[in-house]
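Structure, as structure tokens:
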Amino acid sequence: DTGVSQDPRHKITKRGQNVTFRCDPISEHNRLYWYRQTLGQGPEFLTYFQNEAQLEKSRLLSDRFSAERPKGSFSTLEIQRTEQGDSAMYLCASSVGYEQYFGPGTRLTVT
Amino acid sequence: QKEVEQDPGPLSVPEGAIVSLNCTYSNSAFQYFMWYRQYSRKGPELLMYTYSSGNKEDGRFTAQVDKSSKYISLFIRDSQPSDSATYLCAMTTGNQFYFGTGTSLTVIP
């Protein structure tokens, strides 16, 4: 399967812990996006990479969130000192142009 | 005001019906418009992608963009039970994408 993959698919953590998610985009895609989605809402943009450069970051994004794409291939999203409000589905998408292809998401539950 | 407004539904139609899904937006700089389908607990799946005003057809799906009214639509002809899902509109000026809240559709056999 050459689609976007995300790991883990599910993560349960206690409030205050740090978590890290991984996204592997479609291999020839140079653009990579992270989104957060809560129940009954559409995906909310978090950040965008073109190759290894982080070109856009939502102003709503807390400084507890950080993302990297060290070699322009896979990306990681880290959330420090998790809060219950961080519980959501975290989606990764990749593209060449503007047609984004999404991964299955990582569902985070903060207890 | 939200960048993108979408009626959340839910929408319930009989099999074979024509479905019309709509979004409005406020930013006249949006140029690229997408429709996604999302099944429960899955990532969104790209259905249609259009640039600027006009119509685009792909099988049973037609996407329509009216930039003068800041209004986009997705039509589904001959709807099938397998079309039951949440439909999300999305749009962008370039780097950031804005999604609607999604419309939940159920097609009843």
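The chains in the structure tokens are called A, B, ... from first to last as shown; in each chain the residues are counted from 1, and the ligands are counted from 1 in the order shown.
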
Should the cut-off be 6 Å, what would the residue list for chain A against chain B look like, counting only C-alpha atoms, as a PDB file with N, CA, C and O atoms, in the first residue's frame?
```pdb
ATOM      1  N   GLN A  41     -16.726  17.945  13.842  1.00  0.00           N
ATOM      2  CA  GLN A  41     -16.047  19.084  13.224  1.00  0.00           C
ATOM      3  C   GLN A  41     -15.201  18.628  12.037  1.00  0.00           C
ATOM      4  O   GLN A  41     -14.827  17.459  11.938  1.00  0.00           O
ATOM      5  N   GLY A  42     -14.907  19.575  11.164  1.00  0.00           N
ATOM      6  CA  GLY A  42     -13.985  19.264  10.090  1.00  0.00           C
ATOM      7  C   GLY A  42     -12.549  19.340  10.580  1.00  0.00           C
ATOM      8  O   GLY A  42     -12.281  19.841  11.676  1.00  0.00           O
ATOM      9  N   PHE A 102      -5.122  11.880   2.700  1.00  0.00           N
ATOM     10  CA  PHE A 102      -5.048  11.759   4.146  1.00  0.00           C
ATOM     11  C   PHE A 102      -4.676  10.346   4.581  1.00  0.00           C
ATOM     12  O   PHE A 102      -5.032   9.361   3.929  1.00  0.00           O
ATOM     13  N   GLY A 103      -4.019  10.273   5.709  1.00  0.00           N
ATOM     14  CA  GLY A 103      -3.793   9.011   6.381  1.00  0.00           C
ATOM     15  C   GLY A 103      -4.997   8.646   7.238  1.00  0.00           C
ATOM     16  O   GLY A 103      -5.967   9.404   7.307  1.00  0.00           O
ATOM     17  N   PRO A 104      -4.926   7.497   7.916  1.00  0.00           N
ATOM     18  CA  PRO A 104      -6.061   7.024   8.718  1.00  0.00           C
ATOM     19  C   PRO A 104      -6.225   7.765  10.050  1.00  0.00           C
ATOM     20  O   PRO A 104      -7.250   7.646  10.693  1.00  0.00           O
ATOM     21  N   GLY A 105      -5.198   8.523  10.445  1.00  0.00           N
ATOM     22  CA  GLY A 105      -5.301   9.283  11.682  1.00  0.00           C
ATOM     23  C   GLY A 105      -4.774   8.551  12.900  1.00  0.00           C
ATOM     24  O   GLY A 105      -4.675   7.314  12.918  1.00  0.00           O
TER      25      GLY A 105
END
```

- Query: Restricting the calculation to only C-alpha atoms, which member of A:Arg22, A:Arg64, A:Arg31, A:Arg81 is positioned closest to Tyr48 of chain A?
  - Reply: A:Arg31

- Per DSSP on the backbone, what are the strand (DSSP E) residues of chain A, as a count of residues only? 56

- What gap, in Å, lies between atom CA of Ala17 of chain B and atom CA of Ser68 of chain B?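 These two atoms are separated by 28.4 Å.
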
- Item | Within 8 Å of Gln84 of chain A using only C-alpha atoms, minus same-chain residues under 4 positions, as a PyMOL selection string | chain A and resi 15+109-111

- Message: Using only C-alpha atoms, can you tell me which of B:Val19, B:Ala29, B:Leu105, B:Leu11 comes closest to Lys70 of chain B?
- Response: B:Ala29

- Could you pull the residues within 10 Å of Tyr35 of chain A, counting only C-alpha atoms, minus those fewer than 6 positions along the same chain, as a list in words? Gly42, Pro43, Glu44, Phe45, Leu46, Thr47, Tyr48, Ser58, Ala88, Met89, Tyr90, Leu91, Cys92, Ala93, Phe102 and Gly105 of chain A; Phe97 of chain B

- Task: Give me the residues within 9 Å of Leu77 of chain A as number ranges by chain, counting only C-alpha atoms and dropping any in the same chain fewer than 4 places off.
- Result: A: 19-23, 34, 65-68

- Separation of atom CA of Gln17 of chain A from atom CA of Pro70 of chain A, in Å and rounded to one decimal: 23.5 Å

- Item | Contact residues around Gln80 of chain B with only C-alpha atoms at 12 Å, ignoring same-chain residues under 3 positions, as a PyMOL selection string | chain B and resi 12-19+60-61+76-77+83-85+105-109

Atoms kept (all heavy atoms) for selection, written as a tab-separated table (two decimals), in the first residue's frame:
```
chain	number	residue	atom	x	y	z
B	12	SER	N	-30.96	12.71	5.04
B	12	SER	CA	-31.37	11.33	4.80
B	12	SER	C	-32.18	11.29	3.52
B	12	SER	O	-33.16	12.03	3.39
B	12	SER	CB	-32.20	10.84	5.99
B	12	SER	OG	-32.51	9.48	5.84
B	13	VAL	N	-31.76	10.43	2.56
B	13	VAL	CA	-32.43	10.37	1.28
B	13	VAL	C	-32.66	8.92	0.89
B	13	VAL	O	-31.93	8.02	1.33
B	13	VAL	CB	-31.61	11.08	0.17
B	13	VAL	CG1	-31.37	12.54	0.52
B	13	VAL	CG2	-30.31	10.36	-0.09
B	14	PRO	N	-33.65	8.64	0.03
B	14	PRO	CA	-33.84	7.27	-0.45
B	14	PRO	C	-32.81	6.95	-1.54
B	14	PRO	O	-32.33	7.84	-2.25
B	14	PRO	CB	-35.26	7.28	-1.01
B	14	PRO	CG	-35.48	8.70	-1.41
B	14	PRO	CD	-34.71	9.54	-0.44
B	15	GLU	N	-32.50	5.69	-1.68
B	15	GLU	CA	-31.59	5.24	-2.73
B	15	GLU	C	-32.07	5.72	-4.09
B	15	GLU	O	-33.27	5.68	-4.39
B	15	GLU	CB	-31.50	3.72	-2.71
B	15	GLU	CG	-30.53	3.13	-3.71
B	15	GLU	CD	-30.41	1.62	-3.55
B	15	GLU	OE1	-30.98	1.06	-2.59
B	15	GLU	OE2	-29.73	1.00	-4.41
B	16	GLY	N	-31.14	6.20	-4.91
B	16	GLY	CA	-31.48	6.69	-6.24
B	16	GLY	C	-31.73	8.18	-6.32
B	16	GLY	O	-31.80	8.75	-7.41
B	17	ALA	N	-31.85	8.82	-5.18
B	17	ALA	CA	-32.13	10.27	-5.16
B	17	ALA	C	-30.90	11.06	-5.59
B	17	ALA	O	-29.77	10.57	-5.55
B	17	ALA	CB	-32.55	10.71	-3.76
B	18	ILE	N	-31.15	12.31	-6.00
B	18	ILE	CA	-30.06	13.25	-6.26
B	18	ILE	C	-29.80	14.02	-4.95
B	18	ILE	O	-30.72	14.56	-4.34
B	18	ILE	CB	-30.42	14.23	-7.39
B	18	ILE	CG1	-30.61	13.47	-8.70
B	18	ILE	CG2	-29.34	15.30	-7.53
B	18	ILE	CD1	-31.11	14.33	-9.85
B	19	VAL	N	-28.55	14.05	-4.56
B	19	VAL	CA	-28.16	14.73	-3.32
B	19	VAL	C	-27.43	16.02	-3.67
B	19	VAL	O	-26.58	16.04	-4.58
B	19	VAL	CB	-27.25	13.83	-2.47
B	19	VAL	CG1	-26.77	14.57	-1.23
B	19	VAL	CG2	-27.97	12.54	-2.10
B	60	ARG	N	-20.76	9.79	-11.02
B	60	ARG	CA	-22.03	10.26	-10.43
B	60	ARG	C	-21.88	11.58	-9.68
B	60	ARG	O	-22.86	12.11	-9.18
B	60	ARG	CB	-22.56	9.18	-9.48
B	60	ARG	CG	-22.93	7.87	-10.16
B	60	ARG	CD	-23.56	6.86	-9.18
B	60	ARG	NE	-22.64	6.47	-8.12
B	60	ARG	CZ	-22.78	6.81	-6.84
B	60	ARG	NH1	-23.79	7.58	-6.44
B	60	ARG	NH2	-21.90	6.39	-5.94
B	61	PHE	N	-20.70	12.10	-9.61
B	61	PHE	CA	-20.42	13.30	-8.82
B	61	PHE	C	-20.18	14.51	-9.73
B	61	PHE	O	-19.48	14.42	-10.73
B	61	PHE	CB	-19.19	13.10	-7.94
B	61	PHE	CG	-19.33	11.99	-6.93
B	61	PHE	CD1	-18.94	10.69	-7.24
B	61	PHE	CD2	-19.87	12.24	-5.68
B	61	PHE	CE1	-19.07	9.67	-6.31
B	61	PHE	CE2	-20.01	11.23	-4.75
B	61	PHE	CZ	-19.62	9.94	-5.06
B	76	ILE	N	-24.63	14.52	-6.07
B	76	ILE	CA	-24.46	13.06	-6.21
B	76	ILE	C	-25.72	12.53	-6.88
B	76	ILE	O	-26.83	12.67	-6.35
B	76	ILE	CB	-24.28	12.36	-4.85
B	76	ILE	CG1	-23.14	13.01	-4.05
B	76	ILE	CG2	-23.99	10.88	-5.06
B	76	ILE	CD1	-22.99	12.46	-2.63
B	77	ARG	N	-25.52	11.97	-8.07
B	77	ARG	CA	-26.67	11.38	-8.80
B	77	ARG	C	-26.80	9.92	-8.43
B	77	ARG	O	-25.81	9.26	-8.08
B	77	ARG	CB	-26.46	11.51	-10.30
B	77	ARG	CG	-26.60	12.92	-10.84
B	77	ARG	CD	-26.43	12.92	-12.36
B	77	ARG	NE	-25.13	12.42	-12.76
B	77	ARG	CZ	-24.01	13.14	-12.71
B	77	ARG	NH1	-24.04	14.37	-12.26
B	77	ARG	NH2	-22.87	12.63	-13.11
B	83	ASP	N	-22.84	5.46	-0.37
B	83	ASP	CA	-22.51	6.88	-0.30
B	83	ASP	C	-22.74	7.45	1.10
B	83	ASP	O	-22.40	8.62	1.36
B	83	ASP	CB	-23.35	7.69	-1.30
B	83	ASP	CG	-23.05	7.34	-2.75
B	83	ASP	OD1	-21.88	6.99	-3.05
B	83	ASP	OD2	-23.97	7.42	-3.59
B	84	SER	N	-23.33	6.66	1.97
B	84	SER	CA	-23.59	7.13	3.34
B	84	SER	C	-22.26	7.41	4.03
B	84	SER	O	-21.44	6.51	4.22
B	84	SER	CB	-24.38	6.07	4.12
B	84	SER	OG	-25.63	5.86	3.53
B	85	ALA	N	-22.06	8.65	4.39
B	85	ALA	CA	-20.79	9.11	4.97
B	85	ALA	C	-20.95	10.58	5.34
B	85	ALA	O	-22.01	11.17	5.16
B	85	ALA	CB	-19.64	8.95	3.97
B	105	LEU	N	-24.54	12.29	5.61
B	105	LEU	CA	-25.51	11.79	4.63
B	105	LEU	C	-25.81	10.32	4.89
B	105	LEU	O	-24.88	9.52	5.06
B	105	LEU	CB	-24.96	11.96	3.22
B	105	LEU	CG	-25.77	11.30	2.09
B	105	LEU	CD1	-27.11	12.00	1.91
B	105	LEU	CD2	-24.97	11.32	0.78
B	106	THR	N	-27.08	9.98	4.89
B	106	THR	CA	-27.52	8.58	4.95
B	106	THR	C	-28.39	8.31	3.74
B	106	THR	O	-29.36	9.03	3.50
B	106	THR	CB	-28.30	8.27	6.23
B	106	THR	OG1	-27.47	8.55	7.37
B	106	THR	CG2	-28.73	6.81	6.27
B	107	VAL	N	-28.04	7.28	2.96
B	107	VAL	CA	-28.85	6.86	1.82
B	107	VAL	C	-29.56	5.58	2.22
B	107	VAL	O	-28.92	4.57	2.52
B	107	VAL	CB	-27.98	6.65	0.57
B	107	VAL	CG1	-28.85	6.22	-0.61
B	107	VAL	CG2	-27.21	7.92	0.24
B	108	ILE	N	-30.88	5.64	2.21
B	108	ILE	CA	-31.70	4.52	2.71
B	108	ILE	C	-32.05	3.58	1.57
B	108	ILE	O	-32.58	4.03	0.55
B	108	ILE	CB	-32.98	5.06	3.36
B	108	ILE	CG1	-32.62	6.02	4.51
B	108	ILE	CG2	-33.85	3.92	3.89
B	108	ILE	CD1	-33.78	6.84	4.98
B	109	PRO	N	-31.73	2.29	1.71
B	109	PRO	CA	-32.03	1.33	0.61
B	109	PRO	C	-33.53	1.22	0.36
B	109	PRO	O	-34.34	1.39	1.27
B	109	PRO	CB	-31.47	0.00	1.13
B	109	PRO	CG	-30.59	0.35	2.26
B	109	PRO	CD	-31.06	1.65	2.83
```

- Which residues, written as a PyMOL selection string, have at least one atom at most 10 Å from Asp66 of chain B, with only C-alpha atoms counted and residues fewer than 5 positions away on the same chain left out? chain B and resi 24+52-55+71-73

Generate a file of the selected residues that holds N, CA and C atoms, formatted as a PDB file, in the first residue's frame.
```pdb
ATOM      1  N   THR B  24     -20.614  27.612   1.883  1.00  0.00           N
ATOM      2  CA  THR B  24     -20.356  29.010   1.572  1.00  0.00           C
ATOM      3  C   THR B  24     -19.052  29.413   2.245  1.00  0.00           C
ATOM      4  N   SER B  52     -11.151  27.460  -9.465  1.00  0.00           N
ATOM      5  CA  SER B  52     -11.930  28.589  -9.955  1.00  0.00           C
ATOM      6  C   SER B  52     -13.381  28.212 -10.222  1.00  0.00           C
ATOM      7  N   SER B  53     -14.123  29.056 -10.888  1.00  0.00           N
ATOM      8  CA  SER B  53     -15.556  28.847 -11.086  1.00  0.00           C
ATOM      9  C   SER B  53     -15.823  27.829 -12.185  1.00  0.00           C
ATOM     10  N   GLY B  54     -17.015  27.220 -12.100  1.00  0.00           N
ATOM     11  CA  GLY B  54     -17.415  26.278 -13.136  1.00  0.00           C
ATOM     12  C   GLY B  54     -17.826  24.942 -12.563  1.00  0.00           C
ATOM     13  N   ASN B  55     -18.062  24.007 -13.449  1.00  0.00           N
ATOM     14  CA  ASN B  55     -18.502  22.658 -13.084  1.00  0.00           C
ATOM     15  C   ASN B  55     -17.433  21.642 -13.440  1.00  0.00           C
ATOM     16  N   TYR B  71     -19.859  30.299  -3.177  1.00  0.00           N
ATOM     17  CA  TYR B  71     -20.756  29.168  -2.929  1.00  0.00           C
ATOM     18  C   TYR B  71     -20.258  27.993  -3.746  1.00  0.00           C
ATOM     19  N   ILE B  72     -20.103  26.823  -3.081  1.00  0.00           N
ATOM     20  CA  ILE B  72     -19.737  25.626  -3.823  1.00  0.00           C
ATOM     21  C   ILE B  72     -20.722  24.515  -3.510  1.00  0.00           C
ATOM     22  N   SER B  73     -20.873  23.613  -4.471  1.00  0.00           N
ATOM     23  CA  SER B  73     -21.841  22.519  -4.316  1.00  0.00           C
ATOM     24  C   SER B  73     -21.239  21.219  -4.798  1.00  0.00           C
TER      25      SER B  73
END
```

- With distances taken over only C-alpha atoms, which of A:Gln80, A:Leu60, A:Asp86, A:Phe74 is nearest to Glu28 of chain A?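 Using only C-alpha atoms, the shortest distance to Glu28 of chain A belongs to A:Phe74.
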
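For the pair atom CA of Ser95 of chain A and atom CA of Leu32 of chain A, the interatomic distance is 6.6 Å.
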